[in-house]
file work-v8.txt (compact mmCIF, C-alpha atoms and all ligand atoms)
# COMPACT_ATOMS: atom_id res chain seq x y z
CA MET A 1 103.25 27.28 104.72
CA GLN A 2 106.49 27.64 106.65
CA SER A 3 108.65 24.58 105.99
CA PHE A 4 110.44 24.73 109.37
CA ASN A 5 108.19 25.42 112.32
CA TYR A 6 107.52 24.54 115.93
CA ARG A 7 104.39 22.60 116.83
CA ASP A 8 103.72 21.73 120.47
CA GLY A 9 107.28 22.74 121.33
CA GLU A 10 108.91 20.46 118.73
CA LEU A 11 110.61 21.48 115.49
CA TYR A 12 109.08 20.10 112.31
CA VAL A 13 110.46 20.04 108.78
CA GLU A 14 107.35 20.00 106.62
CA GLY A 15 105.44 17.03 108.06
CA LEU A 16 108.32 15.34 109.89
CA SER A 17 109.70 15.96 113.34
CA ALA A 18 113.33 17.02 113.42
CA ARG A 19 113.83 14.71 116.39
CA ALA A 20 112.71 11.73 114.31
CA LEU A 21 114.96 12.81 111.44
CA ALA A 22 117.97 13.01 113.77
CA ALA A 23 117.15 9.58 115.16
CA GLU A 24 116.94 8.11 111.67
CA PHE A 25 119.91 9.84 110.02
CA ASP A 26 122.11 10.63 113.02
CA THR A 27 123.84 13.97 113.59
CA PRO A 28 125.35 16.16 112.27
CA CYS A 29 122.95 16.10 109.35
CA TYR A 30 121.72 18.64 106.81
CA VAL A 31 117.97 18.63 106.18
CA TYR A 32 116.44 20.42 103.19
CA SER A 33 112.80 21.16 102.46
CA ARG A 34 111.60 20.48 98.95
CA ALA A 35 108.65 22.85 99.38
CA ALA A 36 110.95 25.68 100.47
CA LEU A 37 113.24 25.19 97.45
CA GLU A 38 110.31 25.09 95.07
CA GLY A 39 108.68 28.06 96.76
CA ALA A 40 111.73 30.30 96.35
CA LEU A 41 112.25 29.35 92.70
CA ASN A 42 108.57 29.88 92.08
CA GLU A 43 108.78 33.37 93.54
CA TYR A 44 111.41 34.25 90.95
CA GLN A 45 109.45 32.63 88.13
CA GLN A 46 106.21 34.40 89.04
CA ALA A 47 107.88 37.79 89.41
CA LEU A 48 109.44 37.34 85.96
CA GLU A 49 106.23 36.39 84.20
CA GLY A 50 105.66 38.24 80.96
CA ILE A 51 109.29 38.91 80.11
CA PRO A 52 111.82 36.61 78.47
CA HIS A 53 113.97 35.23 81.27
CA LEU A 54 116.13 32.37 82.48
CA VAL A 55 116.65 31.69 86.17
CA CYS A 56 120.01 29.94 86.45
CA TYR A 57 120.29 28.68 90.02
CA ALA A 58 123.91 29.06 91.23
CA VAL A 59 124.91 25.45 91.80
CA LYS A 60 127.72 26.41 94.17
CA ALA A 61 125.20 27.38 96.85
CA ASN A 62 123.99 23.81 97.27
CA SER A 63 124.92 21.23 94.66
CA ASN A 64 123.27 18.15 96.10
CA LEU A 65 121.82 16.11 93.22
CA ALA A 66 118.39 15.85 94.80
CA VAL A 67 118.29 19.62 95.27
CA LEU A 68 119.30 20.16 91.63
CA GLU A 69 116.71 17.63 90.53
CA VAL A 70 113.93 19.46 92.38
CA LEU A 71 114.92 22.74 90.71
CA ALA A 72 115.48 21.20 87.25
CA ARG A 73 112.01 19.63 87.32
CA GLN A 74 110.59 23.08 87.97
CA GLY A 75 112.33 24.44 84.88
CA ALA A 76 115.40 26.08 86.40
CA GLY A 77 118.56 26.72 84.48
CA PHE A 78 121.90 26.56 86.25
CA ASP A 79 124.93 28.75 86.80
CA ILE A 80 128.05 26.61 87.06
CA VAL A 81 131.69 27.35 87.83
CA SER A 82 133.36 24.02 87.07
CA VAL A 83 132.99 20.96 84.92
CA GLY A 84 132.16 19.10 88.12
CA GLU A 85 129.10 21.29 88.59
CA LEU A 86 128.19 20.74 84.94
CA GLU A 87 128.27 16.96 85.44
CA ARG A 88 126.06 17.34 88.51
CA VAL A 89 123.52 19.34 86.50
CA LEU A 90 123.49 16.71 83.77
CA ALA A 91 123.23 13.88 86.30
CA ALA A 92 120.26 15.65 87.90
CA GLY A 93 118.47 15.89 84.55
CA GLY A 94 119.17 19.60 84.05
CA ASP A 95 118.98 21.02 80.54
CA PRO A 96 122.47 22.00 79.26
CA ALA A 97 120.86 24.60 77.00
CA LYS A 98 119.89 26.47 80.19
CA VAL A 99 123.39 26.49 81.68
CA VAL A 100 125.67 29.51 82.01
CA PHE A 101 129.32 28.91 82.83
CA SER A 102 130.92 31.49 85.15
CA GLY A 103 134.39 31.46 86.70
CA VAL A 104 137.71 33.26 86.29
CA ALA A 105 139.92 30.34 85.31
CA LYS A 106 138.06 27.85 83.16
CA LYS A 107 140.35 25.17 81.76
CA ALA A 108 140.31 24.28 78.06
CA SER A 109 139.09 20.78 78.97
CA GLU A 110 136.15 22.29 80.88
CA MET A 111 135.28 24.52 77.93
CA ALA A 112 135.39 21.51 75.62
CA ARG A 113 132.91 19.54 77.73
CA ALA A 114 130.57 22.53 77.93
CA LEU A 115 130.75 22.97 74.15
CA GLU A 116 130.13 19.28 73.64
CA VAL A 117 126.87 19.33 75.65
CA GLY A 118 125.79 22.71 74.25
CA ILE A 119 125.44 25.22 77.07
CA HIS A 120 123.55 28.51 76.85
CA CYS A 121 126.54 30.80 77.43
CA PHE A 122 130.12 31.15 78.63
CA ASN A 123 130.57 34.13 80.94
CA LEU A 124 134.09 35.27 80.10
CA GLU A 125 136.24 37.02 82.65
CA SER A 126 139.40 37.94 80.69
CA ALA A 127 140.68 38.64 77.18
CA ALA A 128 142.98 35.63 77.46
CA GLU A 129 140.01 33.37 78.15
CA LEU A 130 138.28 34.59 74.98
CA GLU A 131 141.26 33.49 72.89
CA VAL A 132 141.41 30.06 74.54
CA LEU A 133 137.67 29.52 74.08
CA ASN A 134 137.89 30.50 70.42
CA GLN A 135 140.70 28.03 69.93
CA VAL A 136 138.88 25.20 71.69
CA ALA A 137 135.71 25.91 69.69
CA THR A 138 137.67 26.06 66.42
CA GLU A 139 139.29 22.69 67.12
CA MET A 140 135.86 21.20 67.82
CA ASP A 141 134.26 22.93 64.84
CA LYS A 142 131.75 24.61 67.17
CA VAL A 143 130.62 28.17 67.79
CA ALA A 144 130.79 29.26 71.42
CA PRO A 145 128.05 31.57 72.79
CA ILE A 146 129.58 34.22 75.04
CA SER A 147 128.95 37.05 77.48
CA VAL A 148 131.65 39.22 78.97
CA ARG A 149 131.48 39.62 82.73
CA VAL A 150 132.04 43.25 83.57
CA ASN A 151 133.31 44.48 86.89
CA PRO A 152 131.30 47.70 87.30
CA ASP A 153 133.23 48.90 90.37
CA VAL A 154 130.09 49.07 92.49
CA ASP A 155 130.24 48.59 96.25
CA ALA A 156 127.85 45.77 97.13
CA ARG A 157 128.10 46.73 100.83
CA THR A 158 128.48 43.15 101.95
CA HIS A 159 131.26 41.19 103.70
CA PRO A 160 134.60 41.91 101.91
CA TYR A 161 135.17 38.19 101.21
CA ILE A 162 131.93 37.94 99.24
CA SER A 163 132.08 41.23 97.38
CA THR A 164 133.02 40.68 93.74
CA GLY A 165 132.25 43.90 91.85
CA LEU A 166 134.98 46.25 93.05
CA LYS A 167 137.94 47.03 90.85
CA GLU A 168 140.34 45.42 93.34
CA ASN A 169 138.43 42.11 93.04
CA LYS A 170 139.65 39.41 90.65
CA PHE A 171 136.28 39.07 88.93
CA GLY A 172 135.27 40.33 85.51
CA VAL A 173 136.90 43.04 83.42
CA THR A 174 136.63 46.83 83.26
CA MET A 175 134.09 48.44 80.94
CA ASP A 176 136.88 49.47 78.57
CA GLU A 177 138.36 46.00 78.48
CA ALA A 178 134.88 44.54 77.90
CA LEU A 179 134.43 46.81 74.89
CA ARG A 180 137.71 45.61 73.43
CA MET A 181 136.76 41.97 74.11
CA TYR A 182 133.43 42.39 72.29
CA GLN A 183 135.17 44.02 69.33
CA ARG A 184 137.64 41.15 69.22
CA GLY A 185 134.89 38.57 69.74
CA ALA A 186 132.94 40.00 66.79
CA GLU A 187 135.92 39.20 64.55
CA LEU A 188 136.33 35.62 65.70
CA PRO A 189 134.43 33.09 63.60
CA ASN A 190 133.95 30.58 66.39
CA ILE A 191 132.61 33.09 68.90
CA ASP A 192 128.96 34.15 69.04
CA ILE A 193 128.25 37.26 71.12
CA GLN A 194 125.06 36.67 73.09
CA GLY A 195 125.03 38.57 76.34
CA LEU A 196 126.55 40.85 78.92
CA ASP A 197 127.15 39.59 82.45
CA CYS A 198 127.75 41.02 85.90
CA HIS A 199 127.73 39.73 89.49
CA ILE A 200 128.75 42.16 92.19
CA GLY A 201 128.65 40.04 95.32
CA SER A 202 126.58 37.93 97.65
CA GLN A 203 124.23 38.59 100.59
CA LEU A 204 123.27 42.04 99.33
CA THR A 205 120.59 43.59 101.48
CA GLU A 206 119.99 46.77 99.48
CA LEU A 207 118.65 47.34 95.99
CA SER A 208 120.76 50.32 94.97
CA PRO A 209 124.04 48.47 94.22
CA PHE A 210 122.14 46.08 91.92
CA ILE A 211 120.51 48.97 90.11
CA ASP A 212 123.78 50.92 89.80
CA ALA A 213 125.42 47.86 88.26
CA ILE A 214 122.52 47.26 85.84
CA GLU A 215 122.62 50.89 84.71
CA ARG A 216 126.31 50.55 83.94
CA GLN A 217 125.62 47.33 82.05
CA LEU A 218 122.89 49.03 80.02
CA SER A 219 125.11 51.91 79.00
CA LEU A 220 127.59 49.37 77.66
CA VAL A 221 124.77 47.60 75.80
CA ASP A 222 123.97 50.92 74.09
CA GLN A 223 127.60 51.64 73.30
CA LEU A 224 127.97 48.19 71.75
CA GLN A 225 124.80 48.65 69.71
CA SER A 226 126.17 51.89 68.29
CA GLN A 227 129.12 49.85 67.05
CA GLY A 228 126.89 47.24 65.47
CA ILE A 229 127.22 44.65 68.24
CA THR A 230 123.85 43.45 69.52
CA ILE A 231 123.45 42.06 73.04
CA HIS A 232 120.58 39.57 73.34
CA HIS A 233 120.59 38.83 77.05
CA LEU A 234 121.50 40.68 80.20
CA ASP A 235 122.84 38.45 82.98
CA ILE A 236 122.61 40.33 86.28
CA GLY A 237 124.16 37.54 88.39
CA GLY A 238 122.89 36.51 91.80
CA GLY A 239 123.54 38.06 95.17
CA LEU A 240 120.15 38.80 96.70
CA GLY A 241 120.56 38.44 100.47
CA VAL A 242 118.42 36.59 102.97
CA ARG A 243 117.47 37.21 106.57
CA TYR A 244 119.73 35.27 108.95
CA ARG A 245 119.25 37.50 112.00
CA ASP A 246 117.81 40.96 111.59
CA GLU A 247 118.78 41.82 108.01
CA THR A 248 115.99 43.27 105.90
CA PRO A 249 116.81 42.30 102.31
CA PRO A 250 114.27 43.17 99.63
CA SER A 251 111.84 40.38 98.84
CA ILE A 252 112.42 38.45 95.61
CA ALA A 253 109.32 40.14 94.15
CA SER A 254 110.46 43.68 94.96
CA TYR A 255 113.98 42.95 93.74
CA ILE A 256 112.63 41.72 90.39
CA GLU A 257 110.24 44.65 90.19
CA ALA A 258 113.16 47.09 90.59
CA VAL A 259 115.21 45.20 87.99
CA ARG A 260 112.30 45.24 85.55
CA THR A 261 111.90 48.98 86.02
CA ALA A 262 115.62 49.56 85.42
CA ILE A 263 115.56 47.54 82.20
CA GLY A 264 112.37 49.12 80.90
CA ASP A 265 111.11 47.84 77.56
CA ARG A 266 114.45 46.85 76.09
CA PRO A 267 114.21 43.62 74.11
CA LEU A 268 116.63 41.75 76.34
CA GLN A 269 116.31 38.30 77.82
CA LEU A 270 116.95 38.61 81.56
CA VAL A 271 119.27 35.97 83.03
CA LEU A 272 119.65 35.62 86.81
CA GLU A 273 122.01 33.51 88.90
CA PRO A 274 120.46 33.33 92.38
CA GLY A 275 121.94 30.86 94.84
CA ARG A 276 121.52 31.87 98.47
CA SER A 277 118.03 33.35 98.04
CA ILE A 278 116.80 29.96 96.80
CA ALA A 279 118.65 27.57 99.10
CA ALA A 280 119.69 29.26 102.36
CA ASN A 281 116.38 29.16 104.15
CA ALA A 282 115.47 25.80 102.65
CA GLY A 283 117.93 23.97 104.90
CA ILE A 284 118.94 23.36 108.51
CA LEU A 285 121.85 21.58 110.12
CA LEU A 286 120.93 19.26 112.97
CA THR A 287 123.57 18.76 115.64
CA ARG A 288 123.67 17.25 119.12
CA VAL A 289 125.33 18.52 122.28
CA GLU A 290 127.86 15.86 123.31
CA TYR A 291 129.06 17.51 126.50
CA THR A 292 128.76 20.72 128.38
CA LYS A 293 131.74 22.36 130.05
CA GLN A 294 131.32 25.36 132.28
CA THR A 295 134.31 27.51 133.23
CA PRO A 296 134.38 30.71 135.26
CA GLU A 297 134.52 32.60 131.92
CA ARG A 298 132.27 30.68 129.54
CA ASN A 299 129.65 28.02 129.17
CA PHE A 300 130.75 25.70 126.37
CA ALA A 301 128.34 23.34 124.64
CA LEU A 302 130.51 20.83 122.76
CA ILE A 303 128.44 19.90 119.74
CA ASP A 304 128.96 17.24 117.09
CA ALA A 305 128.93 19.67 114.14
CA ALA A 306 132.12 21.60 113.51
CA MET A 307 133.69 24.19 111.26
CA ASN A 308 134.41 21.42 108.76
CA ASP A 309 130.62 20.96 108.45
CA MET A 310 129.68 24.65 108.43
CA ILE A 311 132.51 27.11 107.93
CA ARG A 312 130.54 30.34 107.50
CA PRO A 313 130.83 31.55 111.13
CA ALA A 314 134.61 30.98 111.13
CA LEU A 315 135.22 32.38 107.65
CA TYR A 316 132.86 35.35 107.46
CA GLN A 317 131.87 35.89 111.07
CA ALA A 318 128.44 34.82 109.88
CA TRP A 319 125.64 34.68 112.45
CA LEU A 320 123.27 31.74 112.11
CA ASP A 321 120.18 31.26 114.23
CA ILE A 322 120.50 28.23 116.51
CA LYS A 323 117.62 26.81 118.51
CA THR A 324 116.87 23.68 120.48
CA VAL A 325 114.80 21.16 118.56
CA SER A 326 112.57 20.69 121.63
CA GLN A 327 111.54 23.74 123.59
CA ARG A 328 111.99 22.87 127.26
CA SER A 329 109.90 24.37 130.02
CA GLU A 330 112.25 23.32 132.82
CA GLY A 331 115.87 24.25 133.29
CA GLU A 332 117.73 27.48 132.98
CA VAL A 333 118.60 29.74 130.06
CA LEU A 334 122.34 30.49 129.99
CA ASP A 335 124.63 32.03 127.40
CA TRP A 336 126.38 29.18 125.57
CA ASP A 337 129.29 29.07 123.15
CA LEU A 338 128.44 26.33 120.65
CA VAL A 339 131.79 24.82 119.75
CA GLY A 340 132.74 21.75 117.74
CA PRO A 341 135.31 18.96 118.12
CA VAL A 342 137.84 20.41 115.64
CA CYS A 343 141.16 21.60 117.03
CA GLU A 344 140.84 25.26 116.13
CA THR A 345 139.71 28.17 118.25
CA ALA A 346 137.67 29.34 115.25
CA ASP A 347 135.63 26.14 115.51
CA PHE A 348 132.33 27.56 116.67
CA LEU A 349 128.87 27.84 115.19
CA GLY A 350 127.63 30.48 117.60
CA LYS A 351 128.80 32.38 120.66
CA GLU A 352 126.97 33.57 123.75
CA ARG A 353 123.64 32.17 122.67
CA PRO A 354 120.92 32.26 125.30
CA LEU A 355 119.71 28.65 125.35
CA ASN A 356 118.23 26.16 127.77
CA ILE A 357 120.27 23.03 127.11
CA GLU A 358 121.97 20.02 128.61
CA ALA A 359 124.16 17.21 127.26
CA GLY A 360 122.30 15.19 124.62
CA GLU A 361 120.25 18.18 123.47
CA LEU A 362 119.43 18.38 119.78
CA LEU A 363 120.01 21.75 118.12
CA SER A 364 118.99 23.14 114.77
CA VAL A 365 121.18 25.62 112.89
CA PHE A 366 118.88 27.60 110.61
CA GLY A 367 119.75 29.23 107.27
CA ALA A 368 122.12 26.37 106.51
CA GLY A 369 120.80 25.37 103.07
CA ALA A 370 123.27 27.55 101.11
CA TYR A 371 127.06 27.50 101.40
CA GLY A 372 126.79 24.88 104.13
CA PHE A 373 127.47 21.30 103.06
CA VAL A 374 129.12 22.48 99.83
CA MET A 375 131.86 24.24 101.79
CA SER A 376 132.42 21.33 104.17
CA SER A 377 135.71 19.48 104.34
CA ASN A 378 137.34 16.43 105.88
CA TYR A 379 139.52 18.46 108.22
CA ASN A 380 140.52 16.39 111.27
CA THR A 381 139.53 13.32 109.18
CA ARG A 382 135.89 13.92 109.83
CA GLY A 383 133.51 12.28 107.39
CA ARG A 384 131.08 14.78 105.97
CA ALA A 385 127.51 14.91 107.23
CA ALA A 386 124.53 13.20 105.61
CA GLU A 387 122.07 15.28 103.58
CA VAL A 388 118.33 14.60 103.68
CA LEU A 389 115.57 16.05 101.53
CA VAL A 390 112.13 16.21 103.13
CA ASP A 391 109.14 16.09 100.84
CA GLY A 392 105.92 16.35 102.83
CA GLU A 393 105.82 13.27 105.05
CA ARG A 394 108.76 11.58 103.34
CA ALA A 395 112.47 11.85 104.03
CA HIS A 396 114.85 11.02 101.19
CA LEU A 397 118.51 10.29 102.02
CA ALA A 398 120.09 12.65 99.49
CA ARG A 399 123.71 11.94 100.42
CA GLU A 400 125.09 9.35 102.74
CA ARG A 401 127.32 10.21 105.64
CA GLU A 402 130.95 9.69 104.61
CA THR A 403 132.64 6.80 106.34
CA ILE A 404 136.28 6.79 107.41
CA GLU A 405 136.89 3.84 105.02
CA GLU A 406 135.74 6.03 102.15
CA LEU A 407 138.10 8.81 103.19
CA LEU A 408 141.06 6.44 103.29
CA ARG A 409 140.20 4.75 100.00
CA LEU A 410 141.76 7.44 97.78
CA GLU A 411 145.09 7.38 99.54
CA HIS A 412 147.89 4.89 99.08
CA ARG A 413 150.47 3.50 101.47
CA LEU A 414 154.09 3.64 100.41
CA PRO A 415 155.42 0.53 98.61
CA ALA A 416 156.68 -1.98 101.14
CA ASP A 417 160.22 -1.89 99.68
CA SER A 418 160.68 1.88 99.86
C1 LIG A 501 129.14 34.41 89.30
C2 LIG A 501 128.21 34.15 90.42
N1 LIG A 501 126.92 34.00 90.16
C3 LIG A 501 126.02 33.74 91.14
C4 LIG A 501 126.42 33.63 92.45
C5 LIG A 501 125.38 33.33 93.47
O1 LIG A 501 125.28 34.32 94.42
P1 LIG A 501 124.19 34.24 95.57
O2 LIG A 501 124.28 32.93 96.21
O3 LIG A 501 124.57 35.34 96.45
O4 LIG A 501 122.86 34.47 94.92
C6 LIG A 501 127.76 33.80 92.78
C7 LIG A 501 128.22 33.77 94.18
O5 LIG A 501 128.35 34.85 94.78
C8 LIG A 501 128.68 34.04 91.74
O6 LIG A 501 129.98 34.18 92.00
N1 LIG A 502 130.39 31.29 100.31
C1 LIG A 502 129.83 32.59 100.60
C2 LIG A 502 129.16 33.18 99.41
C3 LIG A 502 130.07 33.32 98.25
C4 LIG A 502 129.34 33.26 97.01
C5 LIG A 502 130.20 32.82 95.87
N2 LIG A 502 130.58 33.87 94.98
C6 LIG A 502 128.96 32.53 101.82
O1 LIG A 502 128.87 31.51 102.43
O2 LIG A 502 128.37 33.51 102.22
call {"tool": "encode", "arguments": {"input": "work-v8.txt", "output": "structure tokens"}}
result
Amino acid sequence: MQSFNYRDGELYVEGLSARALAAEFDTPCYVYSRAALEGALNEYQQALEGIPHLVCYAVKANSNLAVLEVLARQGAGFDIVSVGELERVLAAGGDPAKVVFSGVAKKASEMARALEVGIHCFNLESAAELEVLNQVATEMDKVAPISVRVNPDVDARTHPYISTGLKENKFGVTMDEALRMYQRGAELPNIDIQGLDCHIGSQLTELSPFIDAIERQLSLVDQLQSQGITIHHLDIGGGLGVRYRDETPPSIASYIEAVRTAIGDRPLQLVLEPGRSIAANAGILLTRVEYTKQTPERNFALIDAAMNDMIRPALYQAWLDIKTVSQRSEGEVLDWDLVGPVCETADFLGKERPLNIEAGELLSVFGAGAYGFVMSSNYNTRGRAAEVLVDGERAHLARERETIEELLRLEHRLPADS
């Protein structure tokens, strides 16, 4: 069943009308579908049946506790990039033994916490980080499980800001450097070599870059084996794209099929770090048109969601589908620029969208479940939107709307005598 669909001209999220959700939780407001989250994770799990695997959902895509809880209950592991994300996973009941820790600049204190709770693996991104981790582990009398993240210099053919596997990107290390890091790691008593890691970018819509990267990883696995270093798991990262407009990414099943073929019958546990392909199409952003303003050049719909709520159009020129929550039979379809209240010309969610709208209209921004709320900010002292998780006929307030009092609470006036 589609989690977001129109019935009798009205948008529904599972069993609830979007109009009713907006009335209850106000706008702007993110709405996630539990069934859609579970469905996407299940697609991965089913496609991976029969081989040892761990699906580590990339928490950065959508880190709401209720979302993490849904995925943890279905057996997901988690890919984290900060101690903050680790605490979220723990708070949501996630299993630390299924956590992989990515990121180019982990602090010693973050490593210590991850060692304390016993994560599955640290994905190391530099030789310097290996030394720091060994030291932290030694001080704690622990052994740290590690992978080295290689940068295979493969073009992911995605937006340059979300490509991570080219040699000019800051991520990972070269194949040669990885080899040296494994040799060094094998000598260190508080380091336990477990895997080999790679993540070449996000919103990939073709299979070939993934397969190229995996083949390069596998040749390193073989080279390491010939030197007596055994790799137990292959972490292929995340990155599978979704359809926002007219993209035709491979399905989860065909992606996994291609990966399985590339790996063959090697005795490797397969670790994946999907984020967007689980969360993007499990969420919408509801927003209301406050005013309309028509000029000789443009038709502006001034909406109550802004770039601080959803920055992807401004940052990556991302195109998100935007529709009215109620399909109207009367009125006229015009091309509208959907712009927010923030004082930036880049503050738009869509441009020249053919829509039939008037002031007060409710709109739904689709594909907003990943890299939406998590990238929001308080720019222009705007409290961040509420987040709601729909489960069948029930709506669960997953995060309250931020109030201005809460925003001011962390700041302090100067002392009166200064
Ligand atoms: C290391 C790492 N793993 C996983 C992901 C998740 O990627 P995606 O949301 O494209 O699946 C990212 C983000 O690109 C990442 O940087
Ligand atoms: N934030 C990006 C994806 C980056 C993934 C993190 N490595 C987006 O919204 O498309």
call {"tool": "closest_atom_pairs", "arguments": {"input": "work-v8.txt", "of": "chain A", "to": "ligand LIG 502 (chain A)", "cutoff": "9 Å", "atoms": "only C-alpha atoms and all ligand atoms", "output": "tab-separated table"}}
result
residue	atom	partner	partner_atom	distance
A:Ala58	CA	A:LIG502	C5	8.7
A:Lys60	CA	A:LIG502	C5	7.1
A:Ala61	CA	A:LIG502	C4	7.2
A:His159	CA	A:LIG502	O2	8.3
A:Tyr161	CA	A:LIG502	C3	7.6
A:Ile162	CA	A:LIG502	C3	5.1
A:Ser163	CA	A:LIG502	N2	7.9
A:Thr164	CA	A:LIG502	N2	7.3
A:His199	CA	A:LIG502	N2	8.5
A:Ile200	CA	A:LIG502	N2	8.9
A:Gly201	CA	A:LIG502	N2	6.5
A:Ser202	CA	A:LIG502	C4	5.5
A:Gln203	CA	A:LIG502	O2	6.8
A:Gly238	CA	A:LIG502	N2	8.7
A:Gly239	CA	A:LIG502	C4	7.8
A:Gly275	CA	A:LIG502	C4	8.1
A:Arg276	CA	A:LIG502	C2	7.8
A:Ile311	CA	A:LIG502	O1	7.9
A:Arg312	CA	A:LIG502	O1	5.5
A:Pro313	CA	A:LIG502	O1	8.9
A:Leu315	CA	A:LIG502	O1	8.3
A:Tyr316	CA	A:LIG502	O2	7.1
A:Ala318	CA	A:LIG502	O2	7.8
A:Ala370	CA	A:LIG502	O1	7.0
A:Tyr371	CA	A:LIG502	O1	4.5
A:Gly372	CA	A:LIG502	O1	7.2
A:Val374	CA	A:LIG502	N1	8.9
A:Met375	CA	A:LIG502	N1	7.4
call {"tool": "closest_residue", "arguments": {"input": "work-v8.txt", "among": "A:Leu408, A:Ile303, A:Ala36, A:Ile51", "to": "A:Asp265", "atoms": "only C-alpha atoms"}}
result
A:Ile51
call {"tool": "residues_around", "arguments": {"input": "work-v8.txt", "residues": "A:Ala253", "least_positions_apart": "6", "cutoff": "8 Å", "atoms": "all atoms listed in the file", "output": "ChimeraX atom specification"}}
result
/A:43-44,47
call {"tool": "closest_residue", "arguments": {"input": "work-v8.txt", "among": "A:Cys198, A:Val55, A:Ala368, A:Ile252", "to": "ligand LIG 501 (chain A)", "atoms": "all atoms listed in the file"}}
result
A:Cys198
call {"tool": "atom_distance", "arguments": {"input": "work-v8.txt", "atom1": "atom CA of A:Val13", "atom2": "atom CA of A:Met307"}}
result
23.7 Å
call {"tool": "atom_distance", "arguments": {"input": "work-v8.txt", "atom1": "atom CA of A:Ala66", "atom2": "atom CA of A:Leu389"}}
result
7.3 Å
call {"tool": "closest_residue", "arguments": {"input": "work-v8.txt", "among": "A:Asn42, A:Gln74, A:Thr174, A:Asn281", "to": "ligand LIG 501 (chain A)", "atoms": "only C-alpha atoms and all ligand atoms"}}
result
A:Asn281
call {"tool": "atom_distance", "arguments": {"input": "work-v8.txt", "atom1": "atom CA of A:Pro209", "atom2": "atom CA of A:Val271"}}
result
17.4 Å
call {"tool": "residues_around", "arguments": {"input": "work-v8.txt", "residues": "A:Ser326", "least_positions_apart": "6", "cutoff": "8 Å", "atoms": "all atoms listed in the file", "output": "ChimeraX atom specification"}}
result
/A:9-11,362
call {"tool": "residues_around", "arguments": {"input": "work-v8.txt", "residues": "stretch 393-404 of chain A", "least_positions_apart": "5", "cutoff": "8 Å", "atoms": "all atoms listed in the file", "output": "PDB file with C-alpha atoms, keeping the file's coordinate frame"}}
result
ATOM      1  CA  GLU A  14     107.350  20.000 106.620  1.00  0.00           C
ATOM      2  CA  GLY A  15     105.440  17.030 108.060  1.00  0.00           C
ATOM      3  CA  LEU A  16     108.320  15.340 109.890  1.00  0.00           C
ATOM      4  CA  LEU A  21     114.960  12.810 111.440  1.00  0.00           C
ATOM      5  CA  ASN A  64     123.270  18.150  96.100  1.00  0.00           C
ATOM      6  CA  LEU A  65     121.820  16.110  93.220  1.00  0.00           C
ATOM      7  CA  ALA A  66     118.390  15.850  94.800  1.00  0.00           C
ATOM      8  CA  THR A 381     139.530  13.320 109.180  1.00  0.00           C
ATOM      9  CA  ARG A 382     135.890  13.920 109.830  1.00  0.00           C
ATOM     10  CA  GLY A 383     133.510  12.280 107.390  1.00  0.00           C
ATOM     11  CA  ARG A 384     131.080  14.780 105.970  1.00  0.00           C
ATOM     12  CA  ALA A 385     127.510  14.910 107.230  1.00  0.00           C
ATOM     13  CA  ALA A 386     124.530  13.200 105.610  1.00  0.00           C
ATOM     14  CA  GLU A 387     122.070  15.280 103.580  1.00  0.00           C
ATOM     15  CA  VAL A 388     118.330  14.600 103.680  1.00  0.00           C
TER      16      VAL A 388
END
call {"tool": "closest_residue", "arguments": {"input": "work-v8.txt", "among": "A:Thr345, A:Leu68, A:Ala20, A:Asp235", "to": "A:Arg34", "atoms": "all atoms listed in the file"}}
result
A:Leu68
call {"tool": "decode", "arguments": {"input": "work-v8.txt", "residues": "stretch 320-328 of chain A", "atoms": "N, CA and C atoms", "output": "PDB file, in the first residue's frame"}}
result
ATOM      1  N   LEU A 320      11.973  19.055  -5.349  1.00  0.00           N
ATOM      2  CA  LEU A 320      11.060  18.234  -4.553  1.00  0.00           C
ATOM      3  C   LEU A 320       9.645  18.430  -5.091  1.00  0.00           C
ATOM      4  N   ASP A 321       8.909  17.354  -5.159  1.00  0.00           N
ATOM      5  CA  ASP A 321       7.542  17.439  -5.670  1.00  0.00           C
ATOM      6  C   ASP A 321       6.659  18.158  -4.642  1.00  0.00           C
ATOM      7  N   ILE A 322       5.885  19.121  -5.107  1.00  0.00           N
ATOM      8  CA  ILE A 322       5.014  19.876  -4.194  1.00  0.00           C
ATOM      9  C   ILE A 322       3.609  19.880  -4.782  1.00  0.00           C
ATOM     10  N   LYS A 323       2.662  19.455  -3.952  1.00  0.00           N
ATOM     11  CA  LYS A 323       1.273  19.381  -4.427  1.00  0.00           C
ATOM     12  C   LYS A 323       0.352  20.007  -3.388  1.00  0.00           C
ATOM     13  N   THR A 324      -0.837  20.397  -3.835  1.00  0.00           N
ATOM     14  CA  THR A 324      -1.829  20.866  -2.869  1.00  0.00           C
ATOM     15  C   THR A 324      -2.378  19.646  -2.122  1.00  0.00           C
ATOM     16  N   VAL A 325      -2.706  19.851  -0.860  1.00  0.00           N
ATOM     17  CA  VAL A 325      -3.246  18.757  -0.063  1.00  0.00           C
ATOM     18  C   VAL A 325      -4.671  18.409  -0.532  1.00  0.00           C
ATOM     19  N   SER A 326      -5.410  19.442  -0.974  1.00  0.00           N
ATOM     20  CA  SER A 326      -6.751  19.192  -1.544  1.00  0.00           C
ATOM     21  C   SER A 326      -6.687  19.544  -3.018  1.00  0.00           C
ATOM     22  N   GLN A 327      -7.164  18.633  -3.839  1.00  0.00           N
ATOM     23  CA  GLN A 327      -7.167  18.919  -5.279  1.00  0.00           C
ATOM     24  C   GLN A 327      -8.432  19.708  -5.599  1.00  0.00           C
ATOM     25  N   ARG A 328      -8.263  20.934  -6.098  1.00  0.00           N
ATOM     26  CA  ARG A 328      -9.427  21.798  -6.320  1.00  0.00           C
ATOM     27  C   ARG A 328      -9.897  21.700  -7.769  1.00  0.00           C
TER      28      ARG A 328
END
